[in-house]
Amino acid sequence: VPGTLIIPAGLPAPRIRVMHYSADSLVERNIPRTSEIRPYIQQPGVTWIDVQGLGDERIIREIGEIFSMHPLALEDVVNIPQRPKTVEYPQHQLYVSRMVSLVPTSEPSVQLLDLDQVSIFLGRSYVLTFQEDYGDVLDPVRQRIRTGAQVRRLGPDYLAYAVIDTIIDNYYPVLEYYSERIVSLEDEVLTDAHPERLKDFNQIKRDLLSLRRGIWPQRDAINVLIRDECRLISPEVRVFFRDCYDHCVQLGDSLETYRELAAGLLNTYHSAVSNRTNEIVKMLTIVSSIFIPLTFIVGIYGMNSEHIPELKSRWFYPLILLLMAAIAGGMLLYFRMAGWIGRSGKRRQPRPDRS
Amino acid sequence: VPGTLIIPAGLPAPRIRVMHYSADSLVERNIPRTSEIRPYIQQPGVTWIDVQGLGDERIIREIGEIFSMHPLALEDVVNIPQRPKTVEYPQHQLYVSRMVSLVPTSEPSVQLLDLDQVSIFLGRSYVLTFQEDYGDVLDPVRQRIRTGAQVRRLGPDYLAYAVIDTIIDNYYPVLEYYSERIVSLEDEVLTDAHPERLKDFNQIKRDLLSLRRGIWPQRDAINVLIRDECRLISPEVRVFFRDCYDHCVQLGDSLETYRELAAGLLNTYHSAVSNRTNEIVKMLTIVSSIFIPLTFIVGIYGMNSEHIPELKSRWFYPLILLLMAAIAGGMLLYFRMAGWIGRSGKRRQPRPDRS
Amino acid sequence: VPGTLIIPAGLPAPRIRVMHYSADSLVERNIPRTSEIRPYIQQPGVTWIDVQGLGDERIIREIGEIFSMHPLALEDVVNIPQRPKTVEYPQHQLYVSRMVSLVPTSEPSVQLLDLDQVSIFLGRSYVLTFQEDYGDVLDPVRQRIRTGAQVRRLGPDYLAYAVIDTIIDNYYPVLEYYSERIVSLEDEVLTDAHPERLKDFNQIKRDLLSLRRGIWPQRDAINVLIRDECRLISPEVRVFFRDCYDHCVQLGDSLETYRELAAGLLNTYHSAVSNRTNEIVKMLTIVSSIFIPLTFIVGIYGMNSEHIPELKSRWFYPLILLLMAAIAGGMLLYFRMAGWIGRSGKRRQPRPDRS
Amino acid sequence: VPGTLIIPAGLPAPRIRVMHYSADSLVERNIPRTSEIRPYIQQPGVTWIDVQGLGDERIIREIGEIFSMHPLALEDVVNIPQRPKTVEYPQHQLYVSRMVSLVPTSEPSVQLLDLDQVSIFLGRSYVLTFQEDYGDVLDPVRQRIRTGAQVRRLGPDYLAYAVIDTIIDNYYPVLEYYSERIVSLEDEVLTDAHPERLKDFNQIKRDLLSLRRGIWPQRDAINVLIRDECRLISPEVRVFFRDCYDHCVQLGDSLETYRELAAGLLNTYHSAVSNRTNEIVKMLTIVSSIFIPLTFIVGIYGMNSEHIPELKSRWFYPLILLLMAAIAGGMLLYFRMAGWIGRSGKRRQPRPDRS
Amino acid sequence: VPGTLIIPAGLPAPRIRVMHYSADSLVERNIPRTSEIRPYIQQPGVTWIDVQGLGDERIIREIGEIFSMHPLALEDVVNIPQRPKTVEYPQHQLYVSRMVSLVPTSEPSVQLLDLDQVSIFLGRSYVLTFQEDYGDVLDPVRQRIRTGAQVRRLGPDYLAYAVIDTIIDNYYPVLEYYSERIVSLEDEVLTDAHPERLKDFNQIKRDLLSLRRGIWPQRDAINVLIRDECRLISPEVRVFFRDCYDHCVQLGDSLETYRELAAGLLNTYHSAVSNRTNEIVKMLTIVSSIFIPLTFIVGIYGMNSEHIPELKSRWFYPLILLLMAAIAGGMLLYFRMAGWIGRSGKRRQPRPDRS
């Protein structure tokens with residue numbers, strides 16, 4: 001039903017943090033009650049209200065009233081996950097973003113992907129951010145507000161840019177992790193084609209799909225900010241958003257590349273399994289081709305006929321052994337010449353030649 | 001032939017239900033005859049005429065006359081299934097939608113997809129809906145009319161939005177079911193690559209295709225409602241339709257993701273089958289490689305020559321057994337070192353490390 | 001060379017049939033000579049000249065002169081197959097269409113696809129159709145002219161619509177045939193993976209490609225008729241063409257779905273073959289793994305050494321048989337526990353649960 | 001370096017041929033020196049200067065000066081292969097085309113694809129064509145100039161059209177060759193899955209890619225000629241170019257179809273190989289499953305124990321033979337019932353049923 | 001954080017080289033300090049400042065100040081790799097390009113792909129280039145400045161074109177290398193399906209993806225230069241940029257072709273492995289099918305029954321040998337007729353028939 005706030009279970013209670021600054025002043029505070037927000041946004045200067053955790057409908061609704069949000073905007077904040085997008089409202093611009101991070105696991109080489117929604121409201125004098133969980137990637141922005149001159153000199157549009165840019169730049173190390181993981185899996189797969197690998201491939205594929213659903217719509221959303229002559233963004237800041245847009249495109253390009261390489265993993269895996277079956281069957285064929293005919297030969301002389309002349313000979317035993325050795329040797333030679341045996345020397349990987 | 005009403009066999013007889021409301025009044029009735037519709041739509045207020053079941057051409061034609069429908073509009077209502085779309089007529093706007101639901105089966109983990117066409121006519125003072133079968137997903141809308149303030153305050157355009165939005169929101173749990181089913185099949189397939197699984201894959205693939213044919217055209221249809229400055233939709237309600245559009249896009253994105261993952265199922269299945277063949281052939285090769293040479297050896301001493309010196313020896317039997325045990329042991333050792341035996345320890349799945 | 005009429009060999013001689021009608025009159029005649037056409041088109045009313053068979057260049061040229069056709073238009077009529085398209089000429093609008101039908105074969109479940117070109121000229125007072133062969137799907141249109149009021153009341157643009165709509169509607173049963181054929185092949189393939197099936201797959205794939213090349217360009221062609229404010233089509237009839245356009249889009253969507261499903265057939269086939277190989281190899285491995293070691297054991301006691309103590313024992317024979325039975329039983333148990341034997345019970349297909 | 005003429009090695013020396021015509025005159029000559037060109041283009045009438053072979057930089061430069069070509073235009077002529085395109089210069093329109101032909105080979109069913117660049121300059125009174133090699137597909141155009149009325153009546157724009165149209169129409173038989181080759185390979189592959197076939201597939205795939213790179217850009221180039229209200233092309237001739245454009249689109253469509261079918265070849269091949277492996281393993285399994293157990297049985301009675309009672313019996317030999325025959329027969333029956341043997345009857349291909 | 005210069009580790013210290021020229025003068029110098037740049041750009045004439053190596057933030061910042069660069073422009077220069085793009089600033093146009101080269105390796109047939117970023121600033125009187133490493137592909141441009149007339153006569157826009165064109169033209173030999181490598185791998189794979197080949201395929205695939213990410217965005221970037229009526233580029237030079245654009249499109253087309261062929265490599269590899277398994281299994285089946293039944297036969301006569309009449313016969317031994325030879329011969333004949341043996345003759349590759 002439209003207009004309903006369905007807050008997903010398990011989200012922590014909201015913590016509100018305010019940064020209020022101008023070129024020569026800075027106030028930074030945790031706020032216990034929503035009623036304390038209003039004074040900040042009424043004073044001159046830029047206010048950043050950062051709400052971490054969405055687990056209390058009453059508080060969210062109160063904040064919604066303070067900023068006179070449209071019911072649909074409030075819904076977008078809590079009905080997680082939303083597709084990244086930008087929506088223009090009379091009072092402010094809503095930008096729904098997706099923040100990525102990696103969670104280390106018990107296995108050193110594996111990290112898990114974590115996606116959190118960040119909703120950013122850009123008003124005339126404030127930036128209001130909602131995050132679904134505690135802990136974010138925005139500390140560099142806070143640090144710059146505390147120390148930097150540029151961000152303090154410019155308006156809330158630059159702050160919004162700084163937040164969005166930091167969120168997007170954080171995709172780079174995540175993509176790099178996947179790039180490295182794909183390369184290392186490519187090597188592993190050739191030596192150890194364990195079926196459990198398939199789960200890894202599926203997981204990587206799924207993670208890359210999640211990342212794609214995080215990046216591409218943000219590109220479109222930023223494009224709307226640039227193109228639509230959005231009133232809340234000054235031309236001076238627009239050029240920064242354009243740079244941000246370029247980063248999105250570049251991330252999207254890289255992502256598609258990694259998706260192609262990840263799809264290639266499965267092919268490599270298939271080939272590795274085929275090759276192993278090949279090796280195993282080769283072994284079977286060599287052993288069988290040598291010993292089955294020999295067993296037949298000794299079988300002949302195991303027949304209980306009394307009229308097999310060779311058996312009488314004193315030289316029969318050494319000669320038949322010799323004959324069978326010759327047959328076995330001939331087979332081995334044949335297999336070697338047919339390339340079935342002996343080419344186990346690993347081809348060296350070519351290296352750049354700088355001599 | 002254009003203009004003909006070809007009603008598919010098996011559709012139940014129409015049941016007509018009317019809800020007539022304004023901000024401070026509500027009438028809700030089942031109507032036995034079509035002639036009783038007209039009074040409602042002539043009174044001030046919003047009327048929702050909901051027709052469930054299309055199995056009586058005469059009744060459908062009578063309703064068509066009451067609302068002076070174009071022959072093609074009437075055709076779209078009964079010639080099921082139509083591609084979701086919106087068509088503008090002088091008197092009203094026709095929106096053809098597709099409603100999804102899941103039908104539980106004898107097997108707890110499997111549900112069947114059910115798609116029903118809903119045709120929605122939005123007029124100046126009414127919303128007229130045709131559903132092909134009894135039972136729908138619109139009870140939340142009815143409940144809101146009975147209790148809610150907002151829907152009663154706004155016009156038929158908001159009612160149309162509420163209906164369409166409810167239909168579209170109902171795709172979410174359906175997609176979630178498929179998402180979970182794909183994940184569970186992914187695990188099953190690795191342990192049990194039964195050929196019957198292929199039917200499941202085909203069914204999932206087919207269902208996802210059906211869902212896609214339900215979602216994507218609705219996106220376009222809603223876009224027409226937003227973009228075309230459709231006269232029957234007020235600017236206040238248009239923003240709600242825009243939200244609805246975003247949901248369609250998000251659903252479409254998810255769907256494409258699931259389609260990719262479903263396609264991956266088959267690859268996982270193929271790999272599981274290859275791996276099994278691999279295991280089976282490995283077994284065969286190990287057994288053959290150990291016992292075929294040994295059989296050859298005992299065959300030698302089964303030859304009926306009297307001039308095999310070893311056979312005379314008292315120690316022959318224990319020594320030959322020892323030799324063969326050594327050969328078998330050597331083979332096993334070789335297979336173990338080549339990684340063919342003994343690596344059955346399942347790799348543990350990495351878990352997030354929060355310590 | 002442009003302007004040349006290259007009539008494909010094997011086309012039958014033209015048969016010309018004229019229907020001339022107005023709201024209250026109807027003349028229907030087969031015409032032996034082209035010279036008899038002109039009087040009809042000069043009288044008030046709508047004339048439909050239907051030419052079946054293109055196998056006589058002279059007659060085609062004469063008709064071309066009567067309707068003062070552009071050389072390229074005449075070329076499009078006879079140089080078969082043309083891509084469906086619409087071309088505007090000063091005197092008339094040319095619409096090149098493709099008509100489908102199914103030809104039954106010696107095998108009841110298989111039908112062959114037959115595609116025929118229909119070129120439709122829409123003029124101020126006439127519709128002129130050229131068909132490459134005798135026999136078409138347009139009898140419902142003729143019947144409606146004979147009996148129907150609406151078609152007689154409206155102009156040649158509605159007649160052109162009726163012809164095009166009938167041609168396009170005829171794609172539905174054809175697509176349905178392919179849909180059913182794919183489903184039935186999907187089941188067959190799992191039980192009988194005969195290599196000859198591959199030919200069926202290729203044929204279906206090829207047919208679906210042909211259908212696609214028939215449908216998609218018609219969509220574009222109709223879109224031109226709607227969009228270009230084509231002078232010969234009245235606004236009243238344009239809405240019918242829009243409906244026709246929707247049908248094209250729906251057909252195209254279905255077609256893409258069937259193409260995906262047809263591509264899936266091959267995957268199912270591959271899996272079925274893999275599974276069979278798997279089964280066969282499993283059989284081989286079970287038989288070999290049981291009997292090769294046993295043969296080795298009996299081989300031991302076939303050695304001609306006189307110093308094998310067990311052989312002397314009176315209980316040797318029953319004990320060795322027992323031992324071997326135990327080994328065989330152990331192997332079978334192992335194979336059963338490893339899931340190689342005994343799971344032949346077919347999984348039941350889940351059914352909707354309406355209780 | 002821009003402006004440099006890098007003429008590929010191996011191109012033959014230029015041969016210049018001039019056709020100068022008006023409605024009632026025609027001069028046709030081979031010209032030894034470039035200086036003889038200028039008089040023709042200064043006279044009234046249309047001049048076609050056809051240069052075959054590019055192997056002489058000096059001559060090419062001289063021609064470039066006569067027609068005051070832009071350095072880049074001259075570069076496009078000789079730096080082969082260029083992507084088909086059209087470039088407008090103040091004096092003339094350059095159209096770079098690609099001409100296809102098939103070269104017969106030592107094997108009757110195989111032909112090689114040959115692509116040659118043709119650069120066409122359309123000026124106010126002339127058409128200038130450069131071909132990289134001797135021999136072309138333009139003889140029908142020459143013939144029409146000699147005999148035809150229409151081409152002589154119209155200007156150089158129609159001549160340019162005739163040249164381009166002839167080049168494009170020549171793609172049809174080439175595509176037909178590939179269509180037939182794919183069909184014949186599809187049949188061959190099912191009976192003879194030789195690895196060498198893979199080279200054929202690769203070659204076809206590569207050829208179709210080459211053809212695609214020849215057709216699609218020409219479509220765009222012609223579209224530019226039609227759309228851009230190109231001054232050198234009269235409205236009367238533009239309709240012919242539109243027809244030419246339609247042919248390009250149709251060729252492109254066919255090409256995509258053949259590319260899909262060619263991709264299907266590999267799948268058919270894979271399936272054929274899998275089926276063969278299947279057959280071979282089946283053979284092995286049948287032989288092994290019958291004879292390995294029997295060999296075990298005879299092995300039992302080859303044991304040298306004196307206490308095997310059956311061996312003493314007079315009926316042992318016939319009975320054991322009977323028993324083994326029964327086992328073998330049972331196995332064969334089992335294999336037959338499991339469908340492993342005996343279904344070699346080829347399914348008949350369904351034929352159209354016209355009775 | 002925006003505006004930060006994060007210079008990747010390992011880049012060498014900047015070397016600055018200035019070329020200052022007009023139609024009749026040329027100065028060419030290595031410059032030790034950034035302060036010496038300013039005099040050159042203040043004099044009339046065109047200045048090319050080429051900075052190779054980015055490993056010194058201070059120097060980069062000084063150059064940034066001299067040319068009053070936007071902080072984001074400076075960032076684009078050092079934050080490598082950037083996606084190729086063009087950005088307009090008030091003072092100059094920034095074009096970010098990617099330069100390719102091949103590095104020979106220890107193995108003669110293999111070369112490694114090397115990509116370097118080049119950032120090109122086009123101002124009113126200067127071109128400023130930044131390269132990440134020493135050594136580039138621009139020597140032909142330098143040579144033309146020293147000797148050529150045209151480049152000296154035109155402004156910095158033509159110089160920028162010459163630089164970009166040279167960078168793009170350098171993709172041709174690189175693509176040619178990959179084209180040849182794919183063809184040679186296609187042949188190798190059929191004869192030697194070593195698993196290590198898969199690494200080569202992955203590498204080629206990855207390299208082609210890198211090249212694609214180098215070429216396609218440059219196409220868009222050049223298109224911006226042409227389309228946007230960029231003030232710094234004169235109409236005379238724009239036509240050269242259009243040619244450059246065509247080259248980009250052609251390169252992109254070729255690249256897609258090679259990507260398709262590279263994807264085909266894996267299919268060929270798969271088929272080669274399947275074929276080999278097929279061959280191996282065939283060998284096994286032939287050997288087993290011949291010798292397993294024969295071993296059974298000799299096993300019969302190894303039974304210790306005294307009542308096997310044949311054994312008594314004097315002719316038993318030669319007759320049984322004959323019988324077994326007949327069986328073996330029959331099997332071989334069967335295999336030959338079934339096409340399993342003897343078709344080892346390599347099919348000749350068809351050659352063009354010029355007779």
# chains A, B, ... in the order shown; residues from 1 in each chain; ligands from 1
$ residues_around --residues "Val189 in chain A" --least-positions-apart "4" --cutoff "6 Å" --atoms "only C-alpha atoms" --output "PDB file with all heavy atoms, in the first residue's frame"
ATOM      1  N   LEU A 185      41.428 -17.242  -9.057  1.00  0.00           N
ATOM      2  CA  LEU A 185      40.600 -18.434  -9.318  1.00  0.00           C
ATOM      3  C   LEU A 185      40.945 -19.055 -10.661  1.00  0.00           C
ATOM      4  O   LEU A 185      40.931 -20.276 -10.817  1.00  0.00           O
ATOM      5  CB  LEU A 185      39.113 -18.067  -9.277  1.00  0.00           C
ATOM      6  CG  LEU A 185      38.466 -18.078  -7.901  1.00  0.00           C
ATOM      7  CD1 LEU A 185      37.039 -17.569  -7.970  1.00  0.00           C
ATOM      8  CD2 LEU A 185      38.478 -19.480  -7.301  1.00  0.00           C
ATOM      9  N   ALA A 193      40.152 -28.648 -10.062  1.00  0.00           N
ATOM     10  CA  ALA A 193      38.793 -28.374 -10.537  1.00  0.00           C
ATOM     11  C   ALA A 193      37.767 -28.985  -9.592  1.00  0.00           C
ATOM     12  O   ALA A 193      36.988 -29.854  -9.961  1.00  0.00           O
ATOM     13  CB  ALA A 193      38.626 -28.899 -11.955  1.00  0.00           C
ATOM     14  N   TYR A 269      36.842 -23.720 -16.134  1.00  0.00           N
ATOM     15  CA  TYR A 269      36.540 -24.845 -15.257  1.00  0.00           C
ATOM     16  C   TYR A 269      36.095 -26.060 -16.069  1.00  0.00           C
ATOM     17  O   TYR A 269      36.584 -27.175 -15.874  1.00  0.00           O
ATOM     18  CB  TYR A 269      35.453 -24.433 -14.259  1.00  0.00           C
ATOM     19  CG  TYR A 269      35.025 -25.542 -13.348  1.00  0.00           C
ATOM     20  CD1 TYR A 269      35.725 -25.801 -12.179  1.00  0.00           C
ATOM     21  CD2 TYR A 269      33.937 -26.334 -13.653  1.00  0.00           C
ATOM     22  CE1 TYR A 269      35.336 -26.827 -11.334  1.00  0.00           C
ATOM     23  CE2 TYR A 269      33.542 -27.365 -12.813  1.00  0.00           C
ATOM     24  CZ  TYR A 269      34.241 -27.609 -11.659  1.00  0.00           C
ATOM     25  OH  TYR A 269      33.863 -28.619 -10.835  1.00  0.00           O
TER      26      TYR A 269
END
$ residues_around --residues "range 235-248 of chain A" --least-positions-apart "4" --cutoff "7 Å" --atoms "only C-alpha atoms" --output "number ranges by chain"
A: 157-158, 161, 165, 215, 219, 222-223, 226, 252
$ residues_around --residues "Arg83 in chain C" --least-positions-apart "3" --cutoff "9 Å" --atoms "only C-alpha atoms" --output "PyMOL selection string"
(chain C and resi 80+96-98+213-214+217-218) or (chain D and resi 246-247+249-250+253)
$ atom_distance --atom1 "CA of Pro309 in chain D" --atom2 "CA of Asn304 in chain E"
11.2 Å
$ select_by_dssp --residues "range 186-217 of chain B" --states "alpha helix (DSSP H)" --output "list in words"
Glu186, Asp187, Glu188, Val189, Leu190, Thr191, Arg197, Leu198, Lys199, Asp200, Phe201, Asn202, Gln203, Ile204, Lys205, Arg206, Asp207, Leu208, Leu209, Ser210, Leu211, Arg212, Arg213, Gly214, Ile215, Trp216 and Pro217 of chain B
